[in-house]
file upload-v9.tsv (TSV, C-alpha atoms)
chain	number	residue	atom	x	y	z
Y	1	MET	CA	2.72	7.04	-6.30
Y	2	PHE	CA	4.37	6.11	-9.57
Y	3	ALA	CA	3.34	3.45	-12.08
Y	4	SER	CA	6.65	1.70	-11.41
Y	5	GLY	CA	6.21	1.54	-7.65
Y	6	PRO	CA	6.58	3.79	-4.61
Y	7	ARG	CA	8.74	6.87	-4.98
Y	8	ASP	CA	11.89	5.73	-3.19
Y	9	MET	CA	11.82	2.09	-4.32
Y	10	PRO	CA	10.26	1.92	-7.78
Y	11	SER	CA	10.22	-1.42	-9.57
Y	12	ASP	CA	12.93	-0.72	-12.11
Y	13	LYS	CA	16.10	-2.60	-12.96
Y	14	ALA	CA	18.29	-0.56	-10.62
Y	15	HIS	CA	16.06	-0.81	-7.56
Y	16	GLU	CA	14.89	-4.39	-8.11
Y	17	ALA	CA	18.54	-5.45	-8.16
Y	18	THR	CA	18.94	-4.07	-4.63
Y	19	MET	CA	15.69	-5.41	-3.14
Y	20	PRO	CA	16.61	-7.64	-0.16
Y	21	TYR	CA	14.39	-10.59	-1.08
Y	22	THR	CA	14.72	-13.91	0.68
Y	23	PRO	CA	14.53	-16.91	-1.70
Y	24	LEU	CA	10.83	-17.23	-0.86
Y	25	GLY	CA	10.33	-13.51	-1.33
Y	26	LYS	CA	11.88	-13.61	-4.81
Y	27	GLN	CA	9.86	-16.69	-5.74
Y	28	THR	CA	6.64	-15.05	-4.57
Y	29	MET	CA	7.47	-11.79	-6.33
Y	30	ASP	CA	8.05	-13.68	-9.59
Y	31	SER	CA	4.66	-15.38	-9.24
Y	32	HIS	CA	2.89	-12.03	-9.01
Y	33	LYS	CA	1.97	-10.84	-12.50
Y	34	ALA	CA	1.56	-7.08	-12.24
Y	35	GLY	CA	0.50	-4.47	-14.76
Y	36	PHE	CA	3.35	-2.16	-13.75
Y	37	GLY	CA	7.07	-2.28	-13.12
Y	38	VAL	CA	10.05	-4.17	-14.43
Y	39	ASN	CA	8.17	-7.51	-14.36
Y	40	ILE	CA	5.12	-6.17	-16.20
Y	41	ALA	CA	2.99	-9.03	-17.53
Y	42	PRO	CA	0.71	-9.32	-20.58
Y	43	ILE	CA	-2.84	-8.24	-19.78
Y	44	ALA	CA	-4.19	-11.80	-19.91
Y	45	GLU	CA	-1.64	-12.97	-17.31
Y	46	ILE	CA	-2.10	-10.23	-14.70
Y	47	ASN	CA	-3.14	-11.72	-11.35
Y	48	ASP	CA	-3.32	-8.54	-9.27
Y	49	PRO	CA	-6.07	-9.10	-6.65
Y	50	PHE	CA	-7.01	-5.42	-6.81
Y	51	ASP	CA	-7.94	-5.88	-10.49
Y	52	THR	CA	-11.01	-7.80	-9.31
Y	53	CYS	CA	-11.75	-5.20	-6.63
Y	54	ASP	CA	-10.35	-7.13	-3.70
Y	55	PRO	CA	-9.47	-4.58	-0.99
Y	56	ILE	CA	-6.27	-2.74	-1.85
Y	57	GLY	CA	-5.02	-3.30	1.69
Y	58	PHE	CA	-2.19	-1.75	3.63
Y	59	PRO	CA	0.49	-0.52	3.03
Y	60	ARG	CA	-0.38	-0.52	-0.65
Y	61	ILE	CA	-3.01	2.18	-0.16
Y	62	ILE	CA	-0.27	4.64	0.85
Y	63	LEU	CA	2.28	3.41	-1.71
Y	64	PHE	CA	0.09	3.65	-4.82
Y	65	ASN	CA	-2.54	6.27	-5.60
Y	66	LEU	CA	-2.39	7.79	-2.12
Y	67	ARG	CA	-4.41	10.76	-3.41
Y	68	ALA	CA	-6.25	12.85	-0.83
Y	69	VAL	CA	-6.34	11.86	2.85
Y	70	GLN	CA	-8.36	13.38	5.68
Y	71	ILE	CA	-6.79	13.01	9.13
Y	72	VAL	CA	-9.15	13.10	12.11
Y	73	GLN	CA	-7.70	13.13	15.63
Y	74	THR	CA	-9.59	12.20	18.79
Y	75	PRO	CA	-8.28	11.65	22.35
Y	76	LYS	CA	-7.90	7.90	21.72
Y	77	GLN	CA	-7.31	7.48	18.00
Y	78	VAL	CA	-6.27	8.96	14.69
Y	79	LEU	CA	-8.50	8.19	11.71
Y	80	MET	CA	-7.07	8.16	8.19
Y	81	LEU	CA	-9.84	8.69	5.63
Y	82	TYR	CA	-8.61	7.82	2.14
Y	83	GLN	CA	-9.98	8.98	-1.19
Y	84	ASN	CA	-8.67	5.80	-2.83
Y	85	THR	CA	-11.40	3.14	-2.47
Y	86	ARG	CA	-13.24	5.46	-0.05
Y	87	THR	CA	-11.93	3.59	2.97
Y	88	PHE	CA	-10.39	4.37	6.35
Y	89	ARG	CA	-7.91	3.16	8.97
Y	90	THR	CA	-8.07	3.44	12.74
Y	91	ILE	CA	-4.79	4.18	14.52
Y	92	TRP	CA	-5.18	3.73	18.28
Y	93	THR	CA	-3.09	6.06	20.43
Y	94	ASP	CA	-4.18	4.84	23.88
Y	95	ARG	CA	-3.00	1.22	23.80
Y	96	GLU	CA	-0.32	-1.28	22.81
Y	97	LEU	CA	-0.35	-3.52	19.76
Y	98	PRO	CA	-2.09	-6.86	20.27
Y	99	LYS	CA	0.25	-9.79	20.80
Y	100	ALA	CA	0.49	-12.30	17.95
Y	101	ALA	CA	-1.58	-14.84	19.90
Y	102	GLU	CA	-4.32	-12.24	20.35
Y	103	ILE	CA	-4.71	-11.66	16.61
Y	104	THR	CA	-7.33	-14.26	15.73
Y	105	GLU	CA	-7.80	-13.06	12.17
Y	106	PRO	CA	-5.70	-10.98	9.77
Y	107	ARG	CA	-7.11	-7.73	8.44
Y	108	TRP	CA	-6.80	-6.02	5.08
Y	109	PHE	CA	-5.53	-2.90	6.86
Y	110	GLY	CA	-4.09	-4.61	9.92
Y	111	TYR	CA	-3.99	-3.48	13.54
Y	112	SER	CA	-2.40	-0.05	14.01
Y	113	VAL	CA	-1.09	1.73	17.11
Y	114	GLY	CA	0.46	5.19	17.13
Y	115	LYS	CA	2.83	6.85	19.61
Y	116	TRP	CA	3.71	10.53	19.77
Y	117	THR	CA	7.51	10.70	20.07
Y	118	ASP	CA	7.38	14.49	20.28
Y	119	PRO	CA	4.65	17.12	19.72
Y	120	THR	CA	5.10	17.02	15.92
Y	121	THR	CA	5.96	13.35	15.24
Y	122	LEU	CA	3.60	10.36	15.22
Y	123	VAL	CA	5.10	6.88	14.74
Y	124	VAL	CA	2.56	4.23	13.70
Y	125	THR	CA	3.19	0.47	13.84
Y	126	THR	CA	0.89	-1.92	11.97
Y	127	THR	CA	0.76	-5.73	12.18
Y	128	GLY	CA	-1.76	-8.53	11.61
Y	129	LEU	CA	-2.04	-7.91	7.87
Y	130	ASP	CA	-3.75	-10.25	5.42
Y	131	GLU	CA	-0.93	-11.79	3.36
Y	132	SER	CA	-3.07	-12.05	0.21
Y	133	THR	CA	-2.53	-8.33	-0.45
Y	134	TRP	CA	0.48	-6.85	-2.25
Y	135	VAL	CA	2.86	-4.34	-0.68
Y	136	ASP	CA	2.69	-2.14	-3.78
Y	137	ASN	CA	1.26	-2.13	-7.30
Y	138	THR	CA	4.29	-3.92	-8.75
Y	139	GLY	CA	3.53	-7.06	-6.75
Y	140	ARG	CA	6.08	-7.00	-3.96
Y	141	PRO	CA	4.96	-9.64	-1.46
Y	142	HIS	CA	4.56	-9.90	2.27
Y	143	SER	CA	3.81	-12.61	4.80
Y	144	ASP	CA	1.78	-12.57	8.00
Y	145	GLN	CA	4.99	-11.47	9.74
Y	146	LEU	CA	4.94	-8.05	8.05
Y	147	VAL	CA	5.42	-5.02	10.29
Y	148	VAL	CA	4.92	-1.58	8.76
Y	149	GLU	CA	6.21	1.53	10.51
Y	150	GLU	CA	5.01	4.95	9.39
Y	151	THR	CA	6.53	8.16	10.71
Y	152	TYR	CA	4.46	11.32	10.25
Y	153	HIS	CA	6.46	14.45	11.03
Y	154	ARG	CA	4.79	17.85	10.86
Y	155	VAL	CA	7.36	20.11	9.23
Y	156	ASP	CA	5.30	23.28	9.48
Y	157	GLU	CA	1.69	24.45	9.45
Y	158	LEU	CA	1.06	23.24	5.89
Y	159	ASN	CA	3.31	20.20	5.42
Y	160	ILE	CA	3.82	16.70	6.83
Y	161	ASP	CA	6.67	14.36	5.88
Y	162	LEU	CA	5.92	10.62	5.70
Y	163	THR	CA	8.51	7.84	5.99
Y	164	VAL	CA	7.53	4.16	5.64
Y	165	LYS	CA	9.63	1.17	6.76
Y	166	ILE	CA	8.86	-2.42	5.72
Y	167	THR	CA	10.04	-5.30	7.93
Y	168	ASP	CA	9.19	-8.90	7.01
Y	169	PRO	CA	11.80	-11.58	7.81
Y	170	VAL	CA	9.94	-14.17	5.74
Y	171	MET	CA	10.08	-12.20	2.49
Y	172	TYR	CA	13.03	-9.81	3.04
Y	173	THR	CA	16.47	-10.22	4.57
Y	174	GLN	CA	16.39	-6.71	6.05
Y	175	PRO	CA	14.03	-3.74	6.42
Y	176	TRP	CA	13.60	-1.43	3.43
Y	177	TYR	CA	12.06	2.00	2.88
Y	178	PRO	CA	9.56	2.54	0.05
Y	179	LEU	CA	9.13	6.17	1.15
Y	180	LYS	CA	11.50	8.56	2.92
Y	181	ASN	CA	10.32	12.05	3.84
Y	182	PHE	CA	7.50	12.02	1.31
Y	183	ARG	CA	5.91	15.47	1.49
Y	184	LEU	CA	2.17	15.71	2.18
Y	185	GLY	CA	0.76	19.18	1.60
Y	186	MET	CA	-2.32	20.64	3.26
Y	187	ASN	CA	-5.43	21.21	1.16
Y	188	SER	CA	-7.92	24.01	1.66
Y	189	PRO	CA	-10.55	23.36	4.38
Y	190	ASP	CA	-13.12	23.62	1.57
Y	191	PHE	CA	-11.43	20.92	-0.53
Y	192	ASP	CA	-14.00	18.36	-1.71
Y	193	ILE	CA	-12.67	14.81	-1.89
Y	194	ARG	CA	-14.07	13.06	-4.94
Y	195	GLU	CA	-15.12	9.42	-4.87
Y	196	MET	CA	-12.59	6.86	-6.09
Y	197	ILE	CA	-14.21	3.45	-5.73
Y	198	CYS	CA	-13.44	0.10	-7.34
Y	199	SER	CA	-16.72	-1.07	-8.93
Y	200	VAL	CA	-16.84	-4.82	-9.59
Y	201	SER	CA	-19.17	-4.42	-12.59
Y	202	GLN	CA	-17.19	-1.58	-14.14
Y	203	GLN	CA	-13.89	-3.35	-13.53
Y	204	ALA	CA	-15.23	-6.51	-15.18
Y	205	LEU	CA	-16.35	-4.46	-18.20
Y	206	PHE	CA	-12.94	-2.76	-18.38
Y	207	ASN	CA	-11.15	-6.12	-18.20
Y	208	GLN	CA	-13.38	-7.52	-20.95
Y	209	LEU	CA	-12.71	-4.51	-23.18
Y	210	LEU	CA	-8.98	-4.99	-22.69
Y	211	LYS	CA	-9.30	-8.70	-23.45
Y	212	ASN	CA	-11.28	-7.99	-26.63
Y	213	THR	CA	-8.66	-5.46	-27.74
Y	214	THR	CA	-5.87	-7.95	-27.06
Y	215	ASP	CA	-7.68	-10.79	-28.85
Y	216	SER	CA	-8.41	-8.53	-31.83
Y	217	GLY	CA	-4.75	-7.55	-32.08
Y	218	ALA	CA	-3.66	-11.18	-31.92
Y	219	GLU	CA	-6.07	-12.15	-34.73
Y	220	LYS	CA	-4.72	-9.42	-37.02
Y	221	LYS	CA	-1.23	-10.86	-36.66
call {"tool": "encode", "arguments": {"input": "upload-v9.tsv", "output": "structure tokens"}}
result
Amino acid sequence: MFASGPRDMPSDKAHEATMPYTPLGKQTMDSHKAGFGVNIAPIAEINDPFDTCDPIGFPRIILFNLRAVQIVQTPKQVLMLYQNTRTFRTIWTDRELPKAAEITEPRWFGYSVGKWTDPTTLVVTTTGLDESTWVDNTGRPHSDQLVVEETYHRVDELNIDLTVKITDPVMYTQPWYPLKNFRLGMNSPDFDIREMICSVSQQALFNQLLKNTTDSGAEKK
């Protein structure tokens, strides 16, 4: 959303002071060297996994550069097709979440189940997330205990409000909301979603150009 984090909880001095980190959560956050936010690191120290084109993961994909999303609904599932990294999520609407013992491997985008609480509101719960991903682009951490709850409420024919709740007792002392009633507007049916893909070769070239620029600046000093 914003360079300093998701809209309702950006990584600035005011909001970082209120983040409910556990001691481990704060320690892990401090070890993440991001290119954005109050703890912004020098280019050479950034250790953001997405900078090397590791999958952006969830919920980060909806908290940074959400861009365009196509929503496809079938009798058993809702598919979220994202412009960012040209990827998708499957939200099952005909079953329960798998129990922890049934999740044999974590996933970049987790296991998602949605329930219609009324004709215009879909509540999605996601678990089983790979803990190597970041919650957002400022490096907020999560463990394998992370549970993400999204609430999609159709306000009218052209607008949907999105609220996101983060619950992770390992990293946070209480749930927190990176987005509350974030407005998603409908595009034209003819809207063409452009590609937005992380290319390993292009990213490596970009990182090298940045390194050369940094090294050159250091030499001049």
call {"tool": "residues_around", "arguments": {"input": "upload-v9.tsv", "residues": "Asp54 (chain Y)", "least_positions_apart": "6", "cutoff": "10 Å", "atoms": "only C-alpha atoms", "output": "MDAnalysis selection string"}}
result
chainID Y and resid 48 108 132:133 198 200
call {"tool": "atom_distance", "arguments": {"input": "upload-v9.tsv", "atom1": "CA of Ile197 (chain Y)", "atom2": "CA of Trp176 (chain Y)"}}
result
29.7 Å
call {"tool": "residues_around", "arguments": {"input": "upload-v9.tsv", "residues": "Arg194 (chain Y)", "least_positions_apart": "3", "cutoff": "10 Å", "atoms": "all atoms listed in the file", "output": "list in words"}}
result
Ala68, Gln83, Asn84, Arg86, Phe191 and Ile197 of chain Y
call {"tool": "closest_residue", "arguments": {"input": "upload-v9.tsv", "among": "Y:Phe50, Y:Tyr21, Y:Phe182, Y:Trp116", "to": "Asn137 (chain Y)", "atoms": "only C-alpha atoms"}}
result
Y:Phe50
call {"tool": "atom_distance", "arguments": {"input": "upload-v9.tsv", "atom1": "CA of Ala34 (chain Y)", "atom2": "CA of Ile61 (chain Y)"}}
result
15.9 Å
call {"tool": "residues_around", "arguments": {"input": "upload-v9.tsv", "residues": "region 146-162 of chain Y", "least_positions_apart": "3", "cutoff": "8 Å", "atoms": "all atoms listed in the file", "output": "list in words"}}
result
Pro59, Thr120, Thr121, Leu122, Val123, Val124, Thr125, Thr126, Thr127, Gly128, Leu129, His142, Ser143, Lys165, Ile166, Thr167, Asp168, Pro169, Leu179, Lys180, Asn181, Phe182, Arg183, Leu184, Gly185 and Met186 of chain Y
call {"tool": "atom_distance", "arguments": {"input": "upload-v9.tsv", "atom1": "CA of Lys26 (chain Y)", "atom2": "CA of Asp130 (chain Y)"}}
result
19.0 Å
call {"tool": "residues_around", "arguments": {"input": "upload-v9.tsv", "residues": "Asp136 (chain Y)", "least_positions_apart": "5", "cutoff": "12 Å", "atoms": "only C-alpha atoms", "output": "ChimeraX atom specification"}}
result
/Y:1-7,9-11,29,32,34-37,48-50,56-66,141-142,166,178-179
call {"tool": "residues_near_point", "arguments": {"input": "upload-v9.tsv", "point": "(-17.2, -3.1, -10.1)", "cutoff": "12 Å", "atoms": "only C-alpha atoms", "output": "tab-separated table (two decimals) with C-alpha atoms, keeping the file's coordinate frame"}}
result
chain	number	residue	atom	x	y	z
Y	50	PHE	CA	-7.01	-5.42	-6.81
Y	51	ASP	CA	-7.94	-5.88	-10.49
Y	52	THR	CA	-11.01	-7.80	-9.31
Y	53	CYS	CA	-11.75	-5.20	-6.63
Y	54	ASP	CA	-10.35	-7.13	-3.70
Y	85	THR	CA	-11.40	3.14	-2.47
Y	196	MET	CA	-12.59	6.86	-6.09
Y	197	ILE	CA	-14.21	3.45	-5.73
Y	198	CYS	CA	-13.44	0.10	-7.34
Y	199	SER	CA	-16.72	-1.07	-8.93
Y	200	VAL	CA	-16.84	-4.82	-9.59
Y	201	SER	CA	-19.17	-4.42	-12.59
Y	202	GLN	CA	-17.19	-1.58	-14.14
Y	203	GLN	CA	-13.89	-3.35	-13.53
Y	204	ALA	CA	-15.23	-6.51	-15.18
Y	205	LEU	CA	-16.35	-4.46	-18.20
Y	206	PHE	CA	-12.94	-2.76	-18.38
Y	207	ASN	CA	-11.15	-6.12	-18.20
call {"tool": "closest_residue", "arguments": {"input": "upload-v9.tsv", "among": "Y:Leu209, Y:Gly139, Y:Pro20, Y:Tyr111", "to": "Val38 (chain Y)", "atoms": "all atoms listed in the file"}}
result
Y:Gly139
call {"tool": "closest_residue", "arguments": {"input": "upload-v9.tsv", "among": "Y:Ile91, Y:Met19, Y:Ile193, Y:Leu81", "to": "Tyr172 (chain Y)", "atoms": "all atoms listed in the file"}}
result
Y:Met19
call {"tool": "axis_aligned_box", "arguments": {"input": "upload-v9.tsv", "around": "region 35-51 of chain Y", "padding_each_side": "5 Å", "output": "AutoDock Vina command-line options"}}
result
--center_x 1.1 --center_y -7.6 --center_z -13.6 --size_x 28.0 --size_y 20.8 --size_z 23.9
call {"tool": "closest_residue", "arguments": {"input": "upload-v9.tsv", "among": "Y:Leu24, Y:Ala44, Y:Leu97, Y:Val170", "to": "Gln145 (chain Y)", "atoms": "only C-alpha atoms"}}
result
Y:Val170
call {"tool": "decode", "arguments": {"input": "upload-v9.tsv", "residues": "region 50-75 of chain Y", "atoms": "C-alpha atoms", "output": "short mmCIF file (atom, residue, chain, number, x, y, z; two decimals), in the first residue's frame"}}
result
data_model
loop_
_atom_site.label_atom_id
_atom_site.label_comp_id
_atom_site.auth_asym_id
_atom_site.auth_seq_id
_atom_site.Cartn_x
_atom_site.Cartn_y
_atom_site.Cartn_z
CA PHE Y 50 11.48 -10.70 -1.93
CA ASP Y 51 14.53 -8.76 -3.17
CA THR Y 52 15.87 -12.05 -4.55
CA CYS Y 53 12.46 -12.95 -5.99
CA ASP Y 54 11.43 -15.39 -3.29
CA PRO Y 55 7.62 -15.57 -3.34
CA ILE Y 56 6.09 -12.48 -1.74
CA GLY Y 57 3.75 -14.71 0.25
CA PHE Y 58 0.62 -13.95 2.21
CA PRO Y 59 -0.53 -11.61 3.73
CA ARG Y 60 2.20 -9.40 2.30
CA ILE Y 61 0.70 -9.60 -1.19
CA ILE Y 62 -2.40 -7.75 0.05
CA LEU Y 63 -0.49 -5.36 2.34
CA PHE Y 64 2.03 -4.06 -0.21
CA ASN Y 65 1.45 -3.38 -3.90
CA LEU Y 66 -1.99 -5.00 -3.89
CA ARG Y 67 -2.62 -3.50 -7.34
CA ALA Y 68 -5.32 -5.13 -9.46
CA VAL Y 69 -7.10 -8.30 -8.34
CA GLN Y 70 -9.53 -10.49 -10.28
CA ILE Y 71 -12.03 -12.39 -8.12
CA VAL Y 72 -13.48 -15.57 -9.59
CA GLN Y 73 -16.26 -17.38 -7.73
CA THR Y 74 -17.26 -21.01 -8.25
CA PRO Y 75 -19.64 -23.21 -6.21
#
